[in-house]
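**Q** So I've got this file, protein-v5.cif, and it contains mmCIF, C-alpha atoms and all ligand atoms:
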```cif
data_run
loop_
_atom_site.group_PDB
_atom_site.id
_atom_site.type_symbol
_atom_site.label_atom_id
_atom_site.label_comp_id
_atom_site.auth_asym_id
_atom_site.auth_seq_id
_atom_site.Cartn_x
_atom_site.Cartn_y
_atom_site.Cartn_z
ATOM 1 C CA LEU A 1 125.335 72.861 105.859
ATOM 2 C CA ARG A 2 124.574 73.119 102.148
ATOM 3 C CA GLU A 3 120.989 72.020 102.762
ATOM 4 C CA LEU A 4 120.012 75.459 103.609
ATOM 5 C CA ARG A 5 116.504 76.023 102.464
ATOM 6 C CA SER A 6 113.926 74.889 104.956
ATOM 7 C CA GLY A 7 110.722 73.246 103.767
ATOM 8 C CA GLY A 8 110.604 75.195 100.513
ATOM 9 C CA SER A 9 109.894 78.402 102.407
ATOM 10 C CA GLY A 10 112.840 80.130 100.782
ATOM 11 C CA SER A 11 114.345 80.923 104.176
ATOM 12 C CA PRO A 12 117.805 79.728 105.114
ATOM 13 C CA SER A 13 117.539 76.825 107.590
ATOM 14 C CA TYR A 14 119.682 78.488 110.216
ATOM 15 C CA LEU A 15 116.725 80.770 110.838
ATOM 16 C CA SER A 16 115.289 77.938 112.892
ATOM 17 C CA SER A 17 112.037 78.093 114.805
ATOM 18 C CA SER A 18 114.041 78.669 117.991
ATOM 19 C CA SER A 19 115.088 81.981 116.519
ATOM 20 C CA SER A 20 111.621 83.427 116.415
ATOM 21 C CA SER A 21 109.204 84.352 119.135
ATOM 22 C CA SER A 22 107.695 81.208 120.644
ATOM 23 C CA SER A 23 104.256 82.747 120.987
ATOM 24 C CA SER A 24 103.937 83.698 117.329
ATOM 25 C CA SER A 25 102.540 81.811 114.390
ATOM 26 C CA SER A 26 105.273 80.882 111.899
ATOM 27 C CA SER A 27 103.028 81.791 108.970
ATOM 28 C CA SER A 28 102.711 85.358 110.209
ATOM 29 C CA ASN A 29 104.119 88.011 107.899
ATOM 30 C CA ALA A 30 104.367 90.543 110.699
ATOM 31 C CA THR A 31 107.710 91.928 111.633
ATOM 32 C CA GLN A 32 109.117 90.637 114.873
ATOM 33 C CA GLN A 33 112.296 90.716 116.834
ATOM 34 C CA ARG A 34 114.147 87.462 116.296
ATOM 35 C CA LEU A 35 117.293 85.954 117.696
ATOM 36 C CA PRO A 36 120.260 86.393 115.350
ATOM 37 C CA GLY A 37 120.729 83.868 112.570
ATOM 38 C CA ALA A 38 124.321 85.033 112.203
ATOM 39 C CA ILE A 39 126.801 86.596 114.604
ATOM 40 C CA ILE A 40 130.021 88.449 113.897
ATOM 41 C CA ILE A 41 132.045 87.101 116.825
ATOM 42 C CA GLY A 42 135.242 89.107 116.301
ATOM 43 C CA VAL A 43 138.025 89.865 116.175
ATOM 44 C CA ARG A 44 138.183 93.121 118.045
ATOM 45 C CA LYS A 45 139.578 95.801 115.679
ATOM 46 C CA GLY A 46 139.295 93.345 112.801
ATOM 47 C CA GLY A 47 136.746 95.379 110.829
ATOM 48 C CA THR A 48 133.617 94.045 112.545
ATOM 49 C CA ARG A 49 131.694 97.333 112.222
ATOM 50 C CA ALA A 50 132.548 97.666 108.533
ATOM 51 C CA LEU A 51 131.445 94.083 107.895
ATOM 52 C CA LEU A 52 128.167 94.574 109.787
ATOM 53 C CA GLU A 53 127.310 97.821 107.991
ATOM 54 C CA MET A 54 128.201 96.287 104.641
ATOM 55 C CA LEU A 55 126.051 93.198 105.242
ATOM 56 C CA ASN A 56 123.232 95.547 106.148
ATOM 57 C CA LEU A 57 123.240 96.733 102.523
ATOM 58 C CA HIS A 58 121.527 93.438 101.707
ATOM 59 C CA PRO A 59 117.712 93.710 101.663
ATOM 60 C CA ASP A 60 117.374 90.376 103.499
ATOM 61 C CA VAL A 61 119.648 91.425 106.353
ATOM 62 C CA GLU A 62 118.810 93.497 109.404
ATOM 63 C CA VAL A 63 121.444 94.261 111.997
ATOM 64 C CA ALA A 64 121.567 95.093 115.674
ATOM 65 C CA LYS A 65 123.163 98.525 115.580
ATOM 66 C CA ALA A 66 124.706 98.358 119.059
ATOM 67 C CA GLU A 67 127.007 95.642 120.332
ATOM 68 C CA VAL A 68 124.877 93.560 122.670
ATOM 69 C CA HIS A 69 127.570 91.767 124.753
ATOM 70 C CA PHE A 70 124.988 89.164 125.707
ATOM 71 C CA PHE A 71 127.077 85.989 125.862
ATOM 72 C CA ASN A 72 130.197 87.534 127.376
ATOM 73 C CA VAL A 73 128.783 89.763 130.105
ATOM 74 C CA GLU A 74 127.300 87.781 132.997
ATOM 75 C CA GLU A 75 124.818 90.460 133.968
ATOM 76 C CA HIS A 76 123.399 90.423 130.435
ATOM 77 C CA TYR A 77 123.457 86.651 130.068
ATOM 78 C CA ARG A 78 121.472 86.235 133.290
ATOM 79 C CA ARG A 79 118.671 88.304 131.732
ATOM 80 C CA GLY A 80 118.008 85.417 129.344
ATOM 81 C CA LEU A 81 117.197 84.992 125.663
ATOM 82 C CA ALA A 82 114.016 87.094 125.851
ATOM 83 C CA TRP A 83 116.181 90.067 126.791
ATOM 84 C CA TYR A 84 118.651 89.253 124.018
ATOM 85 C CA ARG A 85 115.819 89.055 121.477
ATOM 86 C CA ALA A 86 114.496 92.399 122.656
ATOM 87 C CA GLN A 87 117.823 93.996 121.599
ATOM 88 C CA MET A 88 117.328 92.842 118.011
ATOM 89 C CA PRO A 89 115.809 94.766 115.089
ATOM 90 C CA PHE A 90 112.360 93.924 113.735
ATOM 91 C CA THR A 91 112.487 91.590 110.737
ATOM 92 C CA LEU A 92 110.184 89.809 108.356
ATOM 93 C CA PRO A 93 110.238 86.013 108.177
ATOM 94 C CA GLY A 94 113.180 84.953 106.002
ATOM 95 C CA GLN A 95 115.271 87.999 106.816
ATOM 96 C CA VAL A 96 118.512 87.360 108.634
ATOM 97 C CA THR A 97 119.261 89.178 111.871
ATOM 98 C CA VAL A 98 122.960 89.824 112.397
ATOM 99 C CA GLU A 99 124.589 90.900 115.629
ATOM 100 C CA LYS A 100 128.229 91.808 116.200
ATOM 101 C CA THR A 101 130.119 91.758 119.463
ATOM 102 C CA PRO A 102 133.872 91.427 118.883
ATOM 103 C CA GLY A 103 134.389 90.480 122.538
ATOM 104 C CA TYR A 104 132.728 87.095 121.940
ATOM 105 C CA PHE A 105 135.692 85.588 120.129
ATOM 106 C CA ALA A 106 138.181 85.506 123.007
ATOM 107 C CA ALA A 107 135.707 84.851 125.858
ATOM 108 C CA PRO A 108 135.912 81.157 126.861
ATOM 109 C CA GLN A 109 132.301 80.823 128.049
ATOM 110 C CA VAL A 110 130.767 82.118 124.821
ATOM 111 C CA PRO A 111 130.917 79.250 122.265
ATOM 112 C CA ALA A 112 128.816 76.812 124.349
ATOM 113 C CA ARG A 113 126.303 79.546 125.148
ATOM 114 C CA VAL A 114 125.901 80.447 121.479
ATOM 115 C CA TRP A 115 125.394 76.760 120.660
ATOM 116 C CA ASP A 116 122.723 76.497 123.344
ATOM 117 C CA MET A 117 120.897 79.401 121.730
ATOM 118 C CA ASN A 118 120.949 77.918 118.228
ATOM 119 C CA PRO A 119 123.324 75.148 117.136
ATOM 120 C CA ALA A 120 122.682 76.112 113.492
ATOM 121 C CA VAL A 121 123.652 79.773 113.898
ATOM 122 C CA ARG A 122 126.165 81.042 111.308
ATOM 123 C CA LEU A 123 129.332 82.606 112.661
ATOM 124 C CA LEU A 124 131.442 85.223 110.942
ATOM 125 C CA LEU A 125 134.994 85.820 112.075
ATOM 126 C CA ILE A 126 136.839 88.749 110.540
ATOM 127 C CA VAL A 127 140.583 88.633 111.078
ATOM 128 C CA ARG A 128 143.334 91.072 110.355
ATOM 129 C CA ASP A 129 147.128 91.015 110.535
ATOM 130 C CA PRO A 130 147.558 90.296 114.271
ATOM 131 C CA ALA A 131 150.410 92.799 114.689
ATOM 132 C CA GLU A 132 148.357 95.591 113.076
ATOM 133 C CA ARG A 133 145.357 94.507 115.123
ATOM 134 C CA LEU A 134 147.371 94.794 118.334
ATOM 135 C CA VAL A 135 148.501 98.319 117.484
ATOM 136 C CA SER A 136 144.916 99.250 116.609
ATOM 137 C CA ASP A 137 143.721 97.752 119.912
ATOM 138 C CA TYR A 138 146.326 99.767 121.842
ATOM 139 C CA THR A 139 145.419 102.929 119.888
ATOM 140 C CA GLN A 140 141.767 102.559 120.896
ATOM 141 C CA VAL A 141 142.643 102.116 124.579
ATOM 142 C CA LEU A 142 145.024 105.083 124.375
ATOM 143 C CA HIS A 143 142.314 107.214 122.789
ATOM 144 C CA ASN A 144 139.862 106.323 125.568
ATOM 145 C CA ARG A 145 142.399 107.139 128.274
ATOM 146 C CA LEU A 146 143.347 110.441 126.682
ATOM 147 C CA THR A 147 139.687 111.408 126.364
ATOM 148 C CA ARG A 148 139.142 110.694 130.064
ATOM 149 C CA HIS A 149 142.365 112.490 131.036
ATOM 150 C CA LYS A 150 143.795 109.286 132.448
ATOM 151 C CA PRO A 151 147.489 108.407 132.475
ATOM 152 C CA TYR A 152 148.770 106.008 129.839
ATOM 153 C CA GLN A 153 151.881 103.977 129.056
ATOM 154 C CA PRO A 154 153.562 104.005 125.649
ATOM 155 C CA LEU A 155 152.921 100.849 123.645
ATOM 156 C CA GLU A 156 156.531 99.727 123.741
ATOM 157 C CA GLU A 157 156.502 99.787 127.523
ATOM 158 C CA LEU A 158 153.483 97.486 127.628
ATOM 159 C CA LEU A 159 154.690 95.229 124.855
ATOM 160 C CA LEU A 160 158.299 94.663 125.743
ATOM 161 C CA HIS A 161 159.791 93.400 128.965
ATOM 162 C CA LYS A 162 163.601 93.521 129.082
ATOM 163 C CA GLY A 163 163.686 93.742 125.294
ATOM 164 C CA HIS A 164 161.407 90.723 124.764
ATOM 165 C CA ILE A 165 157.735 90.526 123.951
ATOM 166 C CA ASP A 166 155.709 90.260 127.153
ATOM 167 C CA PRO A 167 153.261 87.363 126.634
ATOM 168 C CA GLY A 168 151.073 88.712 129.446
ATOM 169 C CA TYR A 169 150.020 91.803 127.488
ATOM 170 C CA LYS A 170 146.266 91.460 126.960
ATOM 171 C CA ALA A 171 146.194 93.015 123.498
ATOM 172 C CA LEU A 172 148.856 90.535 122.434
ATOM 173 C CA GLN A 173 146.774 87.629 123.727
ATOM 174 C CA ARG A 174 143.753 88.848 121.788
ATOM 175 C CA SER A 175 145.842 88.468 118.612
ATOM 176 C CA LEU A 176 146.546 84.756 119.270
ATOM 177 C CA TYR A 177 143.704 83.745 117.011
ATOM 178 C CA HIS A 178 144.474 80.014 117.018
ATOM 179 C CA GLN A 179 143.928 79.780 120.788
ATOM 180 C CA HIS A 180 140.522 81.381 120.671
ATOM 181 C CA LEU A 181 139.389 79.613 117.519
ATOM 182 C CA ALA A 182 140.325 76.249 119.073
ATOM 183 C CA ARG A 183 137.643 76.799 121.710
ATOM 184 C CA TRP A 184 135.006 77.579 119.069
ATOM 185 C CA LEU A 185 135.978 74.477 117.134
ATOM 186 C CA GLU A 186 135.375 72.336 120.211
ATOM 187 C CA VAL A 187 131.745 73.357 119.881
ATOM 188 C CA PHE A 188 131.015 74.274 116.237
ATOM 189 C CA PRO A 189 131.978 72.496 113.020
ATOM 190 C CA ARG A 190 134.487 74.394 110.910
ATOM 191 C CA GLU A 191 131.934 74.935 108.076
ATOM 192 C CA GLN A 192 129.756 76.946 110.406
ATOM 193 C CA ILE A 193 132.454 79.602 110.843
ATOM 194 C CA HIS A 194 133.172 81.842 107.873
ATOM 195 C CA VAL A 195 136.506 83.627 108.010
ATOM 196 C CA VAL A 196 136.564 87.084 106.443
ATOM 197 C CA ASP A 197 139.882 88.658 105.460
ATOM 198 C CA GLY A 198 139.772 92.041 107.201
ATOM 199 C CA ASP A 199 142.794 93.401 105.311
ATOM 200 C CA ALA A 200 141.128 92.484 102.009
ATOM 201 C CA LEU A 201 137.889 94.098 103.202
ATOM 202 C CA ILE A 202 139.786 97.366 103.680
ATOM 203 C CA ARG A 203 141.469 97.176 100.247
ATOM 204 C CA ASP A 204 138.423 96.061 98.268
ATOM 205 C CA PRO A 205 135.233 95.210 100.190
ATOM 206 C CA PHE A 206 133.034 93.769 97.446
ATOM 207 C CA PRO A 207 134.674 90.318 96.979
ATOM 208 C CA GLU A 208 134.556 89.684 100.733
ATOM 209 C CA LEU A 209 130.888 90.658 100.813
ATOM 210 C CA ARG A 210 130.056 88.338 97.936
ATOM 211 C CA LYS A 211 131.643 85.440 99.850
ATOM 212 C CA ALA A 212 129.731 86.386 102.999
ATOM 213 C CA GLU A 213 126.429 86.461 101.061
ATOM 214 C CA ARG A 214 127.176 82.985 99.778
ATOM 215 C CA PHE A 215 127.974 81.727 103.271
ATOM 216 C CA LEU A 216 124.678 83.110 104.543
ATOM 217 C CA ASP A 217 122.793 81.597 101.595
ATOM 218 C CA LEU A 218 121.557 84.961 100.546
ATOM 219 C CA PRO A 219 120.839 85.842 96.933
ATOM 220 C CA PRO A 220 123.572 88.150 95.583
ATOM 221 C CA ARG A 221 122.227 91.663 96.118
ATOM 222 C CA ILE A 222 125.274 93.644 97.192
ATOM 223 C CA SER A 223 127.150 95.064 94.218
ATOM 224 C CA PRO A 224 130.405 96.935 93.588
ATOM 225 C CA ASN A 225 128.251 100.075 93.160
ATOM 226 C CA ASN A 226 127.529 99.928 96.880
ATOM 227 C CA PHE A 227 131.098 101.011 97.600
ATOM 228 C CA TYR A 228 133.208 103.992 96.681
ATOM 229 C CA TYR A 229 136.653 104.961 97.826
ATOM 230 C CA ASN A 230 136.669 108.125 99.918
ATOM 231 C CA THR A 231 140.053 109.757 99.441
ATOM 232 C CA THR A 232 139.616 112.062 102.444
ATOM 233 C CA LYS A 233 138.902 109.153 104.767
ATOM 234 C CA GLY A 234 141.298 106.785 103.029
ATOM 235 C CA PHE A 235 138.711 103.983 103.236
ATOM 236 C CA TYR A 236 135.768 102.660 101.282
ATOM 237 C CA CYS A 237 132.409 104.134 102.213
ATOM 238 C CA LEU A 238 128.955 102.722 101.535
ATOM 239 C CA MET A 239 126.389 103.828 98.990
ATOM 240 C CA SER A 240 122.769 102.719 99.100
ATOM 241 C CA ALA A 241 119.652 104.207 97.486
ATOM 242 C CA GLY A 242 121.516 107.432 96.718
ATOM 243 C CA HIS A 243 122.732 107.853 100.310
ATOM 244 C CA ASP A 244 126.354 107.545 101.218
ATOM 245 C CA LYS A 245 127.782 106.609 104.558
ATOM 246 C CA CYS A 246 131.308 106.373 105.908
ATOM 247 C CA LEU A 247 132.231 104.728 109.189
ATOM 248 C CA ASP A 248 132.743 107.184 112.047
ATOM 249 C CA GLU A 249 136.080 108.674 113.051
ATOM 250 C CA SER A 250 136.781 105.902 115.583
ATOM 251 C CA LYS A 251 137.439 103.631 112.572
ATOM 252 C CA GLY A 252 140.631 104.221 110.668
ATOM 253 C CA ARG A 253 142.430 106.333 113.261
ATOM 254 C CA PRO A 254 146.149 106.967 112.789
ATOM 255 C CA HIS A 255 147.929 104.285 114.794
ATOM 256 C CA ALA A 256 150.057 104.996 117.861
ATOM 257 C CA PRO A 257 153.770 104.953 117.064
ATOM 258 C CA LEU A 258 155.836 101.800 117.458
ATOM 259 C CA SER A 259 159.497 101.489 116.484
ATOM 260 C CA ALA A 260 160.283 99.431 113.386
ATOM 261 C CA GLU A 261 162.406 97.169 115.578
ATOM 262 C CA ALA A 262 159.576 96.456 118.035
ATOM 263 C CA PHE A 263 157.169 95.845 115.145
ATOM 264 C CA ARG A 264 159.609 93.347 113.620
ATOM 265 C CA GLU A 265 159.876 91.605 116.988
ATOM 266 C CA LEU A 266 156.090 91.429 117.115
ATOM 267 C CA CYS A 267 155.924 89.918 113.641
ATOM 268 C CA ARG A 268 158.499 87.314 114.645
ATOM 269 C CA TYR A 269 156.466 86.513 117.743
ATOM 270 C CA PHE A 270 153.298 85.901 115.726
ATOM 271 C CA ARG A 271 154.930 83.681 113.100
ATOM 272 C CA GLU A 272 154.214 80.361 114.869
ATOM 273 C CA PRO A 273 150.746 81.245 116.210
ATOM 274 C CA ASN A 274 149.812 82.423 112.705
ATOM 275 C CA LYS A 275 150.917 79.118 111.193
ATOM 276 C CA LEU A 276 148.716 77.250 113.639
ATOM 277 C CA PHE A 277 145.795 79.495 112.763
ATOM 278 C CA PHE A 278 146.318 78.980 109.021
ATOM 279 C CA GLU A 279 146.253 75.204 109.542
ATOM 280 C CA MET A 280 143.049 75.467 111.511
ATOM 281 C CA VAL A 281 141.220 77.516 108.890
ATOM 282 C CA GLY A 282 142.784 75.782 105.894
ATOM 283 C CA ARG A 283 144.095 78.918 104.234
ATOM 284 C CA SER A 284 146.847 81.462 104.729
ATOM 285 C CA PHE A 285 146.985 85.236 104.918
ATOM 286 C CA SER A 286 149.812 87.562 103.920
ATOM 287 C CA TRP A 287 150.452 88.892 107.383
ATOM 288 C CA CYS A 288 153.784 90.380 108.451
HETATM 289 N N1 LIG B 301 135.478 100.856 105.191
HETATM 290 C C1 LIG B 301 136.087 101.047 106.355
HETATM 291 N N2 LIG B 301 136.076 102.246 106.969
HETATM 292 C C2 LIG B 301 136.709 102.415 108.154
HETATM 293 N N3 LIG B 301 137.371 101.438 108.809
HETATM 294 C C3 LIG B 301 137.404 100.222 108.227
HETATM 295 C C4 LIG B 301 136.766 99.973 106.998
HETATM 296 N N4 LIG B 301 136.970 98.683 106.676
HETATM 297 C C5 LIG B 301 137.685 98.152 107.660
HETATM 298 N N5 LIG B 301 137.959 99.070 108.601
HETATM 299 C C6 LIG B 301 138.775 98.823 109.765
HETATM 300 O O1 LIG B 301 137.957 98.533 110.876
HETATM 301 C C7 LIG B 301 138.808 98.674 112.004
HETATM 302 C C8 LIG B 301 137.976 98.717 113.268
HETATM 303 O O2 LIG B 301 137.549 97.417 113.514
HETATM 304 P P1 LIG B 301 136.270 97.080 114.373
HETATM 305 O O3 LIG B 301 135.080 97.768 113.814
HETATM 306 O O4 LIG B 301 136.195 95.597 114.472
HETATM 307 O O5 LIG B 301 136.635 97.722 115.771
HETATM 308 S S1 LIG B 301 135.923 97.409 117.172
HETATM 309 O O6 LIG B 301 136.531 96.198 117.713
HETATM 310 O O7 LIG B 301 134.498 97.306 116.943
HETATM 311 O O8 LIG B 301 136.274 98.596 117.996
HETATM 312 C C9 LIG B 301 139.603 99.940 111.730
HETATM 313 O O9 LIG B 301 140.845 99.792 112.354
HETATM 314 P P2 LIG B 301 141.870 101.018 112.534
HETATM 315 O O10 LIG B 301 142.250 101.444 111.145
HETATM 316 O O11 LIG B 301 143.007 100.422 113.258
HETATM 317 O O12 LIG B 301 141.134 102.077 113.280
HETATM 318 C C10 LIG B 301 139.655 99.983 110.208
HETATM 319 O O13 LIG B 301 140.938 99.770 109.680
#
```
Since I need it in another form, could you write the structure as structure tokens?
Ligand SMILES: Nc1ncnc2c1ncn2[C@@H]1O[C@H](COP(=O)(O)OS(=O)(=O)O)[C@@H](OP(=O)(O)O)[C@H]1O
**A**
Amino acid sequence: LRELRSGGSGSPSYLSSSSSSSSSSSSSNATQQRLPGAIIIGVRKGGTRALLEMLNLHPDVEVAKAEVHFFNVEEHYRRGLAWYRAQMPFTLPGQVTVEKTPGYFAAPQVPARVWDMNPAVRLLLIVRDPAERLVSDYTQVLHNRLTRHKPYQPLEELLLHKGHIDPGYKALQRSLYHQHLARWLEVFPREQIHVVDGDALIRDPFPELRKAERFLDLPPRISPNNFYYNTTKGFYCLMSAGHDKCLDESKGRPHAPLSAEAFRELCRYFREPNKLFFEMVGRSFSWC
């Protein structure tokens, strides 16, 4: 994986020929839509949008603004790679196209499909305290239901069954990172998956971005000056060429309430799964 420069062209090798239009000449300097060289595969509510926007600060990175849901939605997948490519931004040779669809991580059919597209693709996985992630996941669903005037259940009702955590709750399952990662590791070598600490990205984005640049074999171009703390929002916002940009109001919403007792129960529940995840990735996180 460290042999990243292809044929002295200066382009990272994961931007393989399969990632560019088959009909084009590789020496062309024209912009084209190319398949992604890197994908942010999840986790849902982990900070995937923040990571994508922050990577986009790099001059050699172009991102697909919308989530494409190509590998996880059958109707999209059936449309084929030409359709997928057509969803991508235009790039120059050597630029990296990045797509993010957080739903990829937990969808069993996705790893093999991504491999079939490009076995050298770089994968970014941004994780966050799984208990916090679950509450964030619930809060998003709640918000959507409230907006559509649909009925909703309080979180505790969904989470607890007779005073115990209900393992069937979908948002809980999405926080069992070790189970989902195991499926990716059946297909991709560990070095091809870069784990980003989503809690650290919230506290101080720059160090996480520097590590991501390194993983993508990009020259260091993102700097601490690209970030400033917005006290009104309570999050870092982005600064580039004199323009500033904060993530929209769907990011960083106040979380739905959950009793301290239920939260403690949740943390207890995740203790073992978290350990398994830490072993898999070879590092630990200070989660609850
Ligand atoms: N800089 C900055 N600004 C705003 N929000 C930030 C930022 N960095 C990380 N985050 C966290 O991103 C969380 C949303 O994660 P995702 O973008 O992955 O959500 S989604 O799955 O695409 O819906 C979102 O989760 P919630 O706080 O629970 O809303 C944020 O905490």
**Q** Looking at A:Asn226, A:Thr31, A:Asn274, A:Thr139, which one is nearest to ligand LIG 301 (chain B), with distances taken over all atoms listed in the file?
**A**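 Result for the nearest residue to ligand LIG 301 (chain B): A:Thr139.
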**Q** Could the residues that lie within 6 Å of ligand LIG 301 (chain B), counting all atoms listed in the file, be listed as a list of chain:residue names?
**A**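 I would give the residues around ligand LIG 301 (chain B) as A:Arg44, A:Lys45, A:Gly46, A:Gly47, A:Thr48, A:Arg49, A:Ala50, A:Pro102, A:Ser136, A:Leu201, A:Ile202, A:Phe235, A:Tyr236, A:Cys237, A:Leu247, A:Lys251, A:Gly252, A:Arg253.
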**Q** Rounded to one decimal, what separation in Å do you get between atom CA of Glu208 of chain A and atom CA of Leu123 of chain A?
**A** 14.8 Å
**Q** Considering all atoms listed in the file, can you say which of A:Glu62, A:Glu157, A:Asp217, A:Glu67 comes closest to Pro93 of chain A?
**A**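 Among the listed residues, the smallest separation from Pro93 of chain A belongs to A:Glu62.
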**Q** Please tell me which residues are no farther than 9 Å from (145.6, 94.0, 122.6) in the file, counting all atoms listed in the file, and write them as a CSV table (one decimal) with C-alpha atoms, keeping the file's coordinate frame.
**A**
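Once everything was written out, this is part00.csv:
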```
chain,number,residue,atom,x,y,z
A,44,ARG,CA,138.2,93.1,118.0
A,133,ARG,CA,145.4,94.5,115.1
A,134,LEU,CA,147.4,94.8,118.3
A,135,VAL,CA,148.5,98.3,117.5
A,136,SER,CA,144.9,99.2,116.6
A,137,ASP,CA,143.7,97.8,119.9
A,138,TYR,CA,146.3,99.8,121.8
A,141,VAL,CA,142.6,102.1,124.6
A,169,TYR,CA,150.0,91.8,127.5
A,170,LYS,CA,146.3,91.5,127.0
A,171,ALA,CA,146.2,93.0,123.5
A,172,LEU,CA,148.9,90.5,122.4
A,173,GLN,CA,146.8,87.6,123.7
A,174,ARG,CA,143.8,88.8,121.8
A,175,SER,CA,145.8,88.5,118.6
```
**Q** Would you kindly return, as a PDB file with C-alpha atoms, in the frame of the given file, each protein, DNA or RNA residue with an atom no farther than 12 Å from any atom of Cys288 of chain A, considering all atoms listed in the file and excluding same-chain residues fewer than 3 positions away?
**A**
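Below is the file that was written, out_6.pdb:
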```
ATOM      1  CA  ARG A 128     143.334  91.072 110.355  1.00  0.00           C
ATOM      2  CA  ASP A 129     147.128  91.015 110.535  1.00  0.00           C
ATOM      3  CA  PRO A 130     147.558  90.296 114.271  1.00  0.00           C
ATOM      4  CA  ALA A 131     150.410  92.799 114.689  1.00  0.00           C
ATOM      5  CA  GLU A 132     148.357  95.591 113.076  1.00  0.00           C
ATOM      6  CA  ARG A 133     145.357  94.507 115.123  1.00  0.00           C
ATOM      7  CA  ASP A 199     142.794  93.401 105.311  1.00  0.00           C
ATOM      8  CA  PHE A 263     157.169  95.845 115.145  1.00  0.00           C
ATOM      9  CA  ARG A 264     159.609  93.347 113.620  1.00  0.00           C
ATOM     10  CA  GLU A 265     159.876  91.605 116.988  1.00  0.00           C
ATOM     11  CA  LEU A 266     156.090  91.429 117.115  1.00  0.00           C
ATOM     12  CA  CYS A 267     155.924  89.918 113.641  1.00  0.00           C
ATOM     13  CA  ARG A 268     158.499  87.314 114.645  1.00  0.00           C
ATOM     14  CA  TYR A 269     156.466  86.513 117.743  1.00  0.00           C
ATOM     15  CA  PHE A 270     153.298  85.901 115.726  1.00  0.00           C
ATOM     16  CA  ARG A 271     154.930  83.681 113.100  1.00  0.00           C
ATOM     17  CA  GLU A 272     154.214  80.361 114.869  1.00  0.00           C
ATOM     18  CA  ASN A 274     149.812  82.423 112.705  1.00  0.00           C
ATOM     19  CA  LYS A 275     150.917  79.118 111.193  1.00  0.00           C
ATOM     20  CA  SER A 284     146.847  81.462 104.729  1.00  0.00           C
ATOM     21  CA  PHE A 285     146.985  85.236 104.918  1.00  0.00           C
TER      22      PHE A 285
END
```
**Q** Measure the distance from atom CA of Ala256 of chain A to atom CA of Glu156 of chain A in Å and round it to one decimal.
**A**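 Between atom CA of Ala256 of chain A and atom CA of Glu156 of chain A the gap works out to 10.2 Å.
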**Q** Given the file shown, determine the residues that the PyMOL selection byres (((chain A and resi 108) around 12) and not hetatm) selects; report them as an NGL selection string.
**A** :A and (71-73 or 103-107 or 109-114 or 179-187)
**Q** Atom CA of Tyr14 of chain A and atom CA of Val121 of chain A are how many Å apart?
**A**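 Between these atoms lies a distance of 5.6 Å.
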**Q** Which residues, named as in the file, does the PyMOL selection byres (((chain A and resi 77-84) around 10) and not hetatm) pick out? Answer as a ChimeraX atom specification.
**A** /A:19,21,33-36,68-76,85-88,113,117
**Q** What would the file look like if the residues just selected were written as an mmCIF file, in the frame of the given file with C-alpha atoms?
**A**
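The file below, out13.cif, is the result:
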```cif
data_model
loop_
_atom_site.group_PDB
_atom_site.id
_atom_site.type_symbol
_atom_site.label_atom_id
_atom_site.label_comp_id
_atom_site.auth_asym_id
_atom_site.auth_seq_id
_atom_site.Cartn_x
_atom_site.Cartn_y
_atom_site.Cartn_z
ATOM 1 C CA SER A 19 115.088 81.981 116.519
ATOM 2 C CA SER A 21 109.204 84.352 119.135
ATOM 3 C CA GLN A 33 112.296 90.716 116.834
ATOM 4 C CA ARG A 34 114.147 87.462 116.296
ATOM 5 C CA LEU A 35 117.293 85.954 117.696
ATOM 6 C CA PRO A 36 120.260 86.393 115.350
ATOM 7 C CA VAL A 68 124.877 93.560 122.670
ATOM 8 C CA HIS A 69 127.570 91.767 124.753
ATOM 9 C CA PHE A 70 124.988 89.164 125.707
ATOM 10 C CA PHE A 71 127.077 85.989 125.862
ATOM 11 C CA ASN A 72 130.197 87.534 127.376
ATOM 12 C CA VAL A 73 128.783 89.763 130.105
ATOM 13 C CA GLU A 74 127.300 87.781 132.997
ATOM 14 C CA GLU A 75 124.818 90.460 133.968
ATOM 15 C CA HIS A 76 123.399 90.423 130.435
ATOM 16 C CA ARG A 85 115.819 89.055 121.477
ATOM 17 C CA ALA A 86 114.496 92.399 122.656
ATOM 18 C CA GLN A 87 117.823 93.996 121.599
ATOM 19 C CA MET A 88 117.328 92.842 118.011
ATOM 20 C CA ARG A 113 126.303 79.546 125.148
ATOM 21 C CA MET A 117 120.897 79.401 121.730
#
```
**Q** Which residues, written as a PyMOL selection string, have at least one atom at most 12 Å from Met239 of chain A, with all atoms listed in the file counted and residues fewer than 5 positions away on the same chain left out?
**A** chain A and resi 53-54+56-58+222-230+244-247
**Q** Counting all atoms listed in the file, which of A:Ala200, A:Asn144, A:Pro220, A:Glu249 gets nearest to Thr232 of chain A?
**A** A:Glu249
**Q** For this structure, which residues satisfy the selection - the PyMOL selection byres (((chain A and resi 219) around 12) and not hetatm) - when it is evaluated on the file as given? I want them as a list in words.
**A**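 This file gives the following for the PyMOL selection byres (((chain A and resi 219) around 12) and not hetatm): Gly10, Ser11, Pro12, His58, Pro59, Asp60, Val61, Gly94, Gln95, Leu209, Arg210, Lys211, Ala212, Glu213, Arg214, Phe215, Leu216, Asp217, Leu218, Pro220, Arg221, Ile222 and Ser223 of chain A.
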**Q** Could you check which of A:Lys162, A:Arg148, A:His178, A:His194 is closest to Ala38 of chain A, using all atoms listed in the file?
**A**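 Of all the options, A:His194 lies closest to Ala38 of chain A.
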**Q** Please identify all polymer residues lying at most 7 Å from the point (133.2, 80.5, 109.1) (file coordinates), using only C-alpha atoms, and present the result as a list in words.
**A**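 Using only C-alpha atoms, the matching residues come out as Leu123, Leu124, Leu125, Arg190, Glu191, Gln192, Ile193, His194 and Val195 of chain A.
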**Q** Please determine an axis-aligned box that encloses all atoms of segment 247-258 of chain A listed in the file, with 8 Å added on each side, and express its centre and edge lengths in Å to one decimal as JSON.
**A**
```
{"center_x": 144.0, "center_y": 105.2, "center_z": 113.5, "size_x": 39.6, "size_y": 22.9, "size_z": 24.7}
```
